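Student: Structure file input_21.cif (mmCIF, C-alpha atoms) is given on the next line.
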```
data_target
#
loop_
_atom_site.label_atom_id
_atom_site.label_comp_id
_atom_site.auth_asym_id
_atom_site.auth_seq_id
_atom_site.Cartn_x
_atom_site.Cartn_y
_atom_site.Cartn_z
CA MET A 183 4.52 19.60 20.04
CA SER A 184 6.03 20.03 16.59
CA GLY A 185 7.82 17.05 15.14
CA SER A 186 10.37 16.16 12.54
CA THR A 187 10.70 13.17 10.19
CA GLU A 188 14.34 13.67 9.16
CA HIS A 189 15.54 10.90 11.51
CA LEU A 190 13.09 8.36 10.11
CA PRO A 191 14.49 5.34 8.20
CA GLY A 192 12.69 4.04 5.11
CA ILE A 193 10.04 1.31 5.34
CA ARG A 194 12.51 -1.47 4.54
CA ASP A 195 15.09 -0.31 7.10
CA MET A 196 12.41 0.01 9.77
CA LEU A 197 11.12 -3.50 9.12
CA THR A 198 14.68 -4.91 8.98
CA ARG A 199 15.27 -3.64 12.51
CA LEU A 200 11.95 -4.90 13.89
CA ILE A 201 12.45 -8.38 12.37
CA ALA A 202 15.99 -8.58 13.80
CA GLN A 203 14.62 -8.27 17.36
CA PRO A 204 13.15 -11.61 18.53
CA SER A 205 9.82 -11.03 20.31
CA ILE A 206 8.27 -14.51 20.33
CA SER A 207 5.43 -15.00 22.78
CA SER A 208 4.68 -18.52 23.92
CA ALA A 209 3.25 -20.45 26.85
CA SER A 210 6.59 -22.38 26.81
CA PRO A 211 9.17 -20.39 28.81
CA GLU A 212 12.05 -21.66 26.62
CA TRP A 213 10.49 -19.87 23.60
CA ASP A 214 9.09 -16.76 25.29
CA HIS A 215 10.84 -13.37 24.77
CA SER A 216 10.33 -9.83 25.99
CA ASN A 217 8.75 -7.50 23.41
CA GLU A 218 10.26 -4.41 25.02
CA PRO A 219 13.15 -3.95 22.51
CA VAL A 220 10.61 -3.80 19.64
CA VAL A 221 8.47 -1.27 21.51
CA ARG A 222 11.52 0.90 22.44
CA THR A 223 12.51 0.92 18.75
CA LEU A 224 9.04 2.12 17.73
CA ALA A 225 9.22 4.83 20.43
CA GLU A 226 12.63 5.94 19.11
CA TRP A 227 11.00 6.63 15.70
CA LEU A 228 7.71 8.08 16.97
CA GLU A 229 8.87 10.51 19.67
CA PRO A 230 10.88 12.82 17.34
CA MET A 231 7.81 12.90 15.03
CA GLY A 232 5.89 14.59 17.86
CA PHE A 233 4.09 11.54 19.24
CA GLU A 234 3.64 11.44 22.99
CA VAL A 235 4.75 7.91 23.85
CA GLU A 236 3.65 5.93 26.90
CA ILE A 237 5.11 2.49 27.58
CA LEU A 238 2.93 0.48 29.97
CA ASP A 239 3.97 -2.71 31.76
CA VAL A 240 1.54 -5.62 31.38
CA PRO A 241 0.64 -6.51 35.00
CA GLY A 242 2.09 -9.78 36.24
CA MET A 243 4.15 -10.31 33.07
CA PRO A 244 7.76 -9.15 33.47
CA GLY A 245 9.32 -7.96 30.20
CA LYS A 246 5.96 -7.51 28.45
CA VAL A 247 4.85 -3.99 27.56
CA ASN A 248 2.19 -2.13 25.58
CA MET A 249 2.80 1.23 23.87
CA ILE A 250 0.33 4.07 23.31
CA ALA A 251 1.79 6.76 21.01
CA THR A 252 -0.43 9.81 20.47
CA LEU A 253 -0.11 12.60 17.92
CA GLY A 254 -2.47 15.53 18.49
CA ARG A 255 -5.27 16.11 20.98
CA GLY A 256 -9.03 15.77 21.11
CA PRO A 257 -11.85 13.58 22.40
CA GLY A 258 -12.13 11.25 19.38
CA GLY A 259 -9.37 9.96 17.20
CA LEU A 260 -8.10 6.98 15.22
CA VAL A 261 -6.09 4.07 16.59
CA LEU A 262 -3.80 2.08 14.28
CA SER A 263 -3.09 -1.06 16.27
CA GLY A 264 -0.70 -3.98 15.95
CA HIS A 265 0.84 -6.69 18.10
CA THR A 266 4.62 -6.75 18.50
CA ASP A 267 5.05 -10.48 19.19
CA THR A 268 5.45 -13.39 16.79
CA VAL A 269 4.87 -17.14 17.02
CA PRO A 270 7.78 -19.59 17.52
CA PHE A 271 9.49 -20.97 14.40
CA ASP A 272 11.21 -24.09 13.08
CA ASP A 273 14.53 -22.88 11.63
CA LYS A 274 15.07 -26.19 9.77
CA ARG A 275 12.08 -25.37 7.57
CA TRP A 276 13.16 -21.79 6.75
CA LYS A 277 15.17 -21.15 3.55
CA SER A 278 16.61 -17.92 5.05
CA ASP A 279 17.30 -16.56 8.54
CA PRO A 280 13.91 -15.77 10.17
CA PHE A 281 15.47 -12.69 11.86
CA SER A 282 16.97 -11.19 8.69
CA LEU A 283 14.75 -9.40 6.20
CA THR A 284 15.42 -11.19 2.89
CA GLU A 285 14.11 -10.02 -0.47
CA ARG A 286 13.34 -12.49 -3.25
CA ASP A 287 10.49 -12.93 -5.80
CA ASN A 288 9.17 -9.40 -5.01
CA ARG A 289 8.58 -10.44 -1.40
CA TRP A 290 10.14 -9.64 1.96
CA TYR A 291 10.76 -12.80 3.99
CA GLY A 292 11.20 -12.89 7.76
CA LEU A 293 9.46 -13.86 11.00
CA GLY A 294 6.68 -11.32 11.56
CA THR A 295 6.82 -9.69 8.11
CA CYS A 296 3.07 -10.16 7.61
CA ASP A 297 1.99 -11.18 11.13
CA MET A 298 2.44 -8.45 11.95
CA LYS A 299 5.53 -6.31 12.41
CA GLY A 300 5.19 -5.18 8.79
CA PHE A 301 2.18 -3.06 9.71
CA PHE A 302 4.16 -0.67 11.95
CA PRO A 303 6.55 0.81 9.31
CA LEU A 304 3.56 1.30 6.99
CA ALA A 305 1.53 3.06 9.70
CA ILE A 306 4.54 5.26 10.57
CA GLU A 307 5.11 6.05 6.88
CA ALA A 308 1.43 7.05 6.55
CA ALA A 309 1.62 9.18 9.73
CA LYS A 310 4.74 10.94 8.40
CA ALA A 311 2.59 12.90 5.92
CA PHE A 312 0.62 14.49 8.80
CA VAL A 313 3.49 15.55 11.09
CA GLY A 314 3.27 19.30 11.70
CA GLN A 315 -0.35 19.46 10.50
CA ASP A 316 -3.12 20.63 12.80
CA LEU A 317 -4.98 17.41 13.63
CA LYS A 318 -8.58 17.94 14.75
CA GLN A 319 -8.58 14.50 16.43
CA PRO A 320 -5.59 12.49 17.65
CA LEU A 321 -3.81 9.73 15.75
CA ILE A 322 -2.77 6.88 18.06
CA ILE A 323 -0.35 4.12 17.18
CA LEU A 324 -0.93 1.21 19.56
CA ALA A 325 1.52 -1.67 20.03
CA THR A 326 0.50 -4.66 22.14
CA ALA A 327 2.20 -7.64 23.80
CA ASP A 328 1.44 -11.37 23.70
CA GLU A 329 -1.35 -11.50 21.10
CA GLU A 330 -0.04 -14.84 19.83
CA SER A 331 -0.24 -16.54 23.23
CA SER A 332 -2.38 -15.08 26.02
CA MET A 333 -3.83 -11.83 24.55
CA ASN A 334 -2.88 -10.35 27.95
CA GLY A 335 -1.57 -7.14 26.38
CA ALA A 336 -4.97 -6.27 24.92
CA ARG A 337 -6.73 -7.53 28.08
CA ALA A 338 -4.59 -5.19 30.24
CA LEU A 339 -5.47 -2.21 28.03
CA ALA A 340 -9.20 -3.01 28.24
CA GLU A 341 -8.95 -3.25 32.03
CA ALA A 342 -7.07 0.06 32.21
CA GLY A 343 -9.63 1.75 29.93
CA ARG A 344 -6.91 2.86 27.47
CA PRO A 345 -6.55 4.19 24.84
CA LYS A 346 -9.41 6.66 24.62
CA ALA A 347 -10.43 7.20 20.99
CA ARG A 348 -13.32 6.69 18.60
CA TYR A 349 -12.10 4.35 15.84
CA ALA A 350 -9.56 1.51 15.65
CA VAL A 351 -8.03 -0.42 12.75
CA ILE A 352 -6.04 -3.54 13.65
CA GLY A 353 -3.50 -4.23 10.91
CA GLU A 354 -3.62 -8.05 10.91
CA PRO A 355 -2.98 -9.59 7.48
CA THR A 356 -6.24 -9.49 5.50
CA GLY A 357 -4.87 -8.70 2.03
CA LEU A 358 -6.02 -5.08 2.68
CA LYS A 359 -9.66 -6.18 2.73
CA PRO A 360 -11.74 -4.84 5.62
CA VAL A 361 -12.93 -7.46 8.14
CA ARG A 362 -15.82 -6.56 10.42
CA MET A 363 -16.43 -9.88 12.18
CA HIS A 364 -14.75 -13.04 13.36
CA LYS A 365 -15.65 -16.07 15.42
CA GLY A 366 -14.48 -16.48 18.99
CA ILE A 367 -12.26 -19.26 20.24
CA MET A 368 -12.56 -21.29 23.43
CA MET A 369 -10.30 -24.18 24.45
CA GLU A 370 -11.66 -26.34 27.27
CA ARG A 371 -10.45 -29.18 29.49
CA LEU A 372 -12.72 -31.86 30.93
CA VAL A 373 -11.45 -34.49 33.41
CA PHE A 374 -13.30 -37.42 34.97
CA GLU A 375 -11.72 -39.27 37.92
CA GLY A 376 -12.97 -42.70 38.97
CA GLN A 377 -11.30 -45.66 40.60
CA SER A 378 -8.83 -48.16 39.13
CA GLY A 379 -9.16 -51.87 39.74
CA HIS A 380 -8.70 -55.30 38.13
CA SER A 381 -10.63 -55.50 34.86
CA SER A 382 -11.93 -59.02 35.70
CA ASP A 383 -14.48 -57.46 38.07
CA PRO A 384 -16.06 -54.12 37.10
CA ALA A 385 -17.33 -53.71 40.68
CA LEU A 386 -13.73 -53.25 41.89
CA GLY A 387 -13.44 -49.80 40.29
CA ASN A 388 -15.26 -46.97 38.55
CA ASN A 389 -14.41 -46.49 34.87
CA ALA A 390 -13.72 -42.84 34.02
CA MET A 391 -13.49 -43.65 30.30
CA GLU A 392 -17.04 -44.97 30.23
CA GLY A 393 -18.14 -41.72 31.88
CA MET A 394 -16.24 -39.77 29.21
CA HIS A 395 -17.92 -41.84 26.50
CA GLU A 396 -21.29 -40.68 27.79
CA ALA A 397 -20.04 -37.09 28.13
CA LEU A 398 -18.88 -37.08 24.48
CA GLY A 399 -22.43 -37.92 23.44
CA HIS A 400 -23.72 -34.95 25.44
CA LEU A 401 -21.11 -32.60 23.91
CA LEU A 402 -22.02 -33.68 20.37
CA ALA A 403 -25.72 -33.19 21.18
CA LEU A 404 -24.95 -29.66 22.44
CA ARG A 405 -23.02 -28.98 19.22
CA LYS A 406 -25.93 -30.19 17.11
CA GLY A 407 -28.33 -27.93 19.05
CA TRP A 408 -26.10 -24.87 18.69
CA GLN A 409 -25.63 -25.50 14.97
CA GLU A 410 -29.41 -25.72 14.52
CA GLN A 411 -29.94 -22.53 16.53
CA TYR A 412 -27.10 -20.31 15.24
CA SER A 413 -25.95 -19.60 11.70
CA ASN A 414 -24.24 -16.66 9.99
CA PRO A 415 -24.00 -16.61 6.17
CA ASN A 416 -21.05 -14.16 6.30
CA PHE A 417 -18.74 -17.00 7.36
CA ARG A 418 -17.45 -19.75 5.08
CA VAL A 419 -18.29 -22.23 7.87
CA GLN A 420 -21.65 -20.68 8.74
CA VAL A 421 -22.26 -22.45 12.08
CA PRO A 422 -20.41 -22.55 15.40
CA THR A 423 -17.98 -25.48 15.53
CA MET A 424 -16.78 -27.79 18.27
CA ASN A 425 -13.69 -29.95 17.74
CA LEU A 426 -12.91 -32.86 20.06
CA GLY A 427 -9.16 -32.42 19.83
CA CYS A 428 -7.37 -34.88 22.12
CA ILE A 429 -8.22 -37.47 24.75
CA HIS A 430 -6.11 -39.44 27.23
CA GLY A 431 -7.27 -42.09 29.64
CA GLY A 432 -6.21 -45.23 31.44
CA ASP A 433 -2.90 -47.04 31.41
CA ASN A 434 -3.49 -50.74 30.66
CA PRO A 435 -6.10 -52.93 28.95
CA ASN A 436 -6.58 -55.05 32.08
CA ARG A 437 -7.01 -52.15 34.51
CA ILE A 438 -10.20 -50.17 35.02
CA CYS A 439 -9.59 -46.63 33.74
CA ALA A 440 -9.28 -44.30 36.75
CA ARG A 441 -8.83 -41.01 34.89
CA CYS A 442 -9.81 -39.65 31.51
CA GLU A 443 -9.06 -36.17 30.15
CA LEU A 444 -10.49 -34.47 27.05
CA HIS A 445 -9.40 -31.19 25.41
CA PHE A 446 -11.76 -29.59 22.90
CA ASP A 447 -12.24 -26.26 21.16
CA LEU A 448 -15.34 -24.23 20.41
CA ARG A 449 -15.65 -21.43 17.85
CA PRO A 450 -18.74 -19.36 18.70
CA LEU A 451 -20.38 -16.94 16.28
CA PRO A 452 -20.96 -13.25 17.06
CA GLY A 453 -23.95 -13.04 19.39
CA MET A 454 -23.01 -16.20 21.33
CA ASP A 455 -21.87 -15.61 24.92
CA MET A 456 -18.86 -17.68 26.07
CA ASP A 457 -19.90 -17.78 29.74
CA ALA A 458 -23.37 -19.01 28.77
CA LEU A 459 -21.82 -21.73 26.57
CA ARG A 460 -19.62 -22.92 29.45
CA GLN A 461 -22.65 -22.94 31.74
CA SER A 462 -24.61 -25.11 29.25
CA ILE A 463 -21.73 -27.58 29.07
CA LEU A 464 -21.50 -27.75 32.87
CA GLN A 465 -25.26 -28.29 33.25
CA SER A 466 -25.14 -31.09 30.68
CA LEU A 467 -22.08 -32.93 32.05
CA LYS A 468 -22.36 -32.53 35.83
CA PRO A 469 -25.33 -34.97 36.09
CA VAL A 470 -23.26 -37.60 34.19
CA ALA A 471 -20.44 -37.33 36.75
CA ASP A 472 -22.84 -37.28 39.71
CA ARG A 473 -24.84 -40.29 38.54
CA ARG A 474 -21.68 -42.31 37.93
CA GLY A 475 -19.92 -41.21 41.13
CA LEU A 476 -17.03 -39.62 39.18
CA ALA A 477 -15.11 -36.53 40.26
CA MET A 478 -15.23 -33.92 37.48
CA GLU A 479 -13.06 -30.93 36.55
CA PHE A 480 -14.11 -28.55 33.78
CA GLU A 481 -12.05 -25.44 33.04
CA PRO A 482 -10.77 -23.29 30.17
CA LEU A 483 -7.26 -24.07 28.90
CA PHE A 484 -6.93 -20.30 28.34
CA ASP A 485 -9.33 -17.39 28.77
CA GLY A 486 -10.47 -17.50 25.16
CA VAL A 487 -11.22 -14.77 22.64
CA PRO A 488 -14.83 -13.58 22.33
CA PRO A 489 -16.49 -13.36 18.90
CA PHE A 490 -16.41 -9.91 17.30
CA GLU A 491 -18.75 -7.95 15.05
CA THR A 492 -18.99 -4.33 13.92
CA PRO A 493 -22.26 -3.36 12.14
CA ALA A 494 -22.15 -3.22 8.34
CA ASP A 495 -23.33 0.43 8.35
CA ALA A 496 -20.71 1.68 10.85
CA GLN A 497 -18.82 4.78 9.72
CA LEU A 498 -15.42 3.05 9.88
CA VAL A 499 -16.66 0.08 7.84
CA ARG A 500 -18.03 2.39 5.15
CA ALA A 501 -14.82 4.43 5.06
CA CYS A 502 -12.64 1.31 4.68
CA GLU A 503 -14.92 -0.15 2.00
CA LYS A 504 -14.69 3.11 0.05
CA LEU A 505 -10.89 3.33 0.39
CA THR A 506 -10.27 -0.31 -0.58
CA GLY A 507 -13.12 -1.03 -3.01
CA HIS A 508 -13.88 -4.22 -1.03
CA THR A 509 -17.01 -5.08 0.95
CA ALA A 510 -16.19 -5.87 4.57
CA GLU A 511 -16.11 -9.59 5.27
CA ALA A 512 -15.83 -12.21 8.02
CA VAL A 513 -12.78 -14.36 8.91
CA ALA A 514 -12.24 -17.51 10.94
CA PHE A 515 -9.15 -16.35 12.88
CA ALA A 516 -9.37 -14.44 16.17
CA THR A 517 -7.83 -11.02 16.90
CA GLU A 518 -7.59 -8.37 19.64
CA ALA A 519 -10.70 -6.63 18.23
CA PRO A 520 -13.07 -7.66 21.09
CA TRP A 521 -10.89 -5.84 23.65
CA LEU A 522 -10.66 -2.63 21.61
CA GLN A 523 -14.42 -2.86 21.16
CA LYS A 524 -14.77 -3.14 24.97
CA LEU A 525 -13.08 0.27 25.14
CA GLY A 526 -15.95 1.69 23.09
CA LEU A 527 -13.95 1.90 19.86
CA GLU A 528 -15.61 1.24 16.51
CA THR A 529 -13.21 -1.49 15.38
CA LEU A 530 -12.19 -3.12 12.12
CA VAL A 531 -9.41 -5.54 11.10
CA MET A 532 -7.45 -4.68 7.94
CA GLY A 533 -3.81 -4.94 7.00
CA PRO A 534 -1.27 -6.00 4.38
CA GLY A 535 -0.23 -9.60 3.75
CA SER A 536 -2.11 -12.88 3.79
CA ILE A 537 -3.14 -14.91 6.84
CA ASP A 538 -2.07 -17.95 4.76
CA GLN A 539 1.56 -16.84 5.28
CA ALA A 540 1.16 -16.25 9.02
CA HIS A 541 2.61 -18.91 11.36
CA GLN A 542 4.36 -20.56 8.38
CA PRO A 543 8.03 -21.17 7.53
CA ASP A 544 9.27 -18.54 5.05
CA GLU A 545 6.60 -16.05 6.12
CA PHE A 546 6.54 -13.13 3.68
CA LEU A 547 4.95 -9.83 2.76
CA GLU A 548 4.31 -9.07 -0.92
CA LEU A 549 6.01 -5.82 -1.98
CA SER A 550 2.90 -5.01 -4.06
CA GLN A 551 0.99 -4.53 -0.76
CA LEU A 552 3.21 -1.71 0.56
CA ASP A 553 2.11 1.34 -1.44
CA PRO A 554 -1.63 0.49 -1.34
CA ALA A 555 -1.41 -0.02 2.45
CA VAL A 556 0.22 3.39 3.01
CA LYS A 557 -2.33 5.04 0.71
CA ILE A 558 -5.30 3.46 2.55
CA LEU A 559 -3.88 4.38 5.98
CA LYS A 560 -3.31 7.98 4.83
CA GLY A 561 -6.93 8.05 3.67
CA LEU A 562 -8.11 6.90 7.12
CA ILE A 563 -5.97 9.49 8.95
CA GLN A 564 -7.29 12.20 6.58
CA GLU A 565 -10.89 11.16 7.25
CA PHE A 566 -10.81 10.61 11.01
CA CYS A 567 -8.09 12.99 12.28
CA LEU A 568 -8.20 16.09 10.04
#
```
Let me see the structure of the file written as structure tokens.
Tutor:
Amino acid sequence: MSGSTEHLPGIRDMLTRLIAQPSISSASPEWDHSNEPVVRTLAEWLEPMGFEVEILDVPGMPGKVNMIATLGRGPGGLVLSGHTDTVPFDDKRWKSDPFSLTERDNRWYGLGTCDMKGFFPLAIEAAKAFVGQDLKQPLIILATADEESSMNGARALAEAGRPKARYAVIGEPTGLKPVRMHKGIMMERLVFEGQSGHSSDPALGNNAMEGMHEALGHLLALRKGWQEQYSNPNFRVQVPTMNLGCIHGGDNPNRICARCELHFDLRPLPGMDMDALRQSILQSLKPVADRRGLAMEFEPLFDGVPPFETPADAQLVRACEKLTGHTAEAVAFATEAPWLQKLGLETLVMGPGSIDQAHQPDEFLELSQLDPAVKILKGLIQEFCL
């Protein structure tokens, strides 16, 4: 299908429209929005260019959609991927309207400018140069739902086995430096239930907090063991971490604590299996509960994001290092990369903007990042599609 680019707005106008459409994803229903308007806007620009656009509902999530837009045919191909949702915001802390693109100090301000609606206009601008050319392998622009909350958009794609391609670049803000690995993230909930009673006689109850005290010792011992066993010098914090984040138990100093609940997070390194980690925790804590006669619940607060790594000598890594002049590095934040990797795609994270601006009031994208981003993306399309 031949395509035209005459209808296409400029980069600024595209981003202005995307920012103006709220697409917050959140576990809190009062914050959560559909991302469909953003995806329909992208389709409106891509279809006349000759992209074949599919909009796929995310199962069990009304109003949430993924988009696969494909230019050209072939068994391989390059995916340029981004998420269409943003985090919630505190409008009292913003100097300008989060939904209006505002230019000042050579920056574009707005919710999602760097994380990561800004990537889509740049990818479309790069693709514009190849419309009407005979691509040897397809170019796919992928837009996902709910990365900031559940990652269910990427999960649904992995389960559906789509898209089919060879290489994928996720345009998260990395200052246009290639990123080939990140830690995983797990958030877990542990509950002990005992029996309340008058504190004057410990025999009247069963203290869940004392059980949790023992369990904390076991968790810290597990952490110490993992940190002795696993280390990766590519990361600033070279070992896996475990943070005991919040704890609640009991209701009065003179009552035996009947229930105690702990939430903690774990950041595993590439090569560490999340199911195996959960199993180790269970095997360590279950005997504590059994011996003390406490009921125990242990479950993830959300499904978690696995750690991710692409080999240093992978073709995509080498191509991105050559185009940017930067050696691929490791980051602490999690992305949708593990799910694209599950699809068999050689995957890398690289995009304009700084992660330091993401999730912050007055989020911005430096204007100096725009031209280099388009140039790098054109270089990737040239290499992997022509």
Student: For a cutoff of 10 Å around the file-coordinate point (-25.3, -25.0, 16.8), which residues qualify once you count only C-alpha atoms? I'd like the result as a PyMOL selection string.
Tutor: chain A and resi 402-413+420-424+450-451
Student: What's the separation between CA of Ile306 (chain A) and CA of His541 (chain A), in Å to one decimal place?
Tutor: 24.3 Å
Student: For Glu511 (chain A), which of A:Asn414, A:Gln564, A:Thr326, A:Asn434 is the closest residue, counting all atoms listed in the file?
Tutor: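 That would be A:Asn414, the residue with the smallest distance to Glu511 (chain A).
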Student: With the PyMOL selection byres ((chain A and resi 386-389) around 9) as the selection, what would be picked from this file? Answer as a PyMOL selection string, please.
Tutor: chain A and resi 375-385+390-394+432+437-442+474-476
Student: Name the closest residue to Leu262 (chain A) among the candidates A:Phe417, A:Gln523, A:Leu224, A:Ala325; distances are taken between atoms, counting only C-alpha atoms.
Tutor: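 Of all the options, A:Ala325 lies closest to Leu262 (chain A).
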Student: I'd like to know which of A:Pro360, A:Pro204, A:Pro191, A:Gly232 is closest to His508 (chain A), using only C-alpha atoms.
Tutor: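 Residue with the minimum atom-to-atom distance to His508 (chain A): A:Pro360.
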Student: Identify, on the basis of only C-alpha atoms, every residue whose closest approach to Phe281 (chain A) does not exceed 9 Å; exclude the query and any residue fewer than 6 positions from it along the same chain; express the result as a list of chain:residue names.
Tutor: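 Surrounding residues, per the criterion: A:Thr198, A:Leu200, A:Ile201, A:Ala202, A:Gln203, A:Pro204, A:Gly292, A:Leu293, A:Gly294.
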Student: Residues near Lys365 (chain A), anyone? I mean within 12 Å using only C-alpha atoms, not counting same-chain ones fewer than 5 positions away, as a VMD selection string.
Tutor: chain A and resid 413 to 414 416 to 423 448 to 456 486 to 491 512 to 520
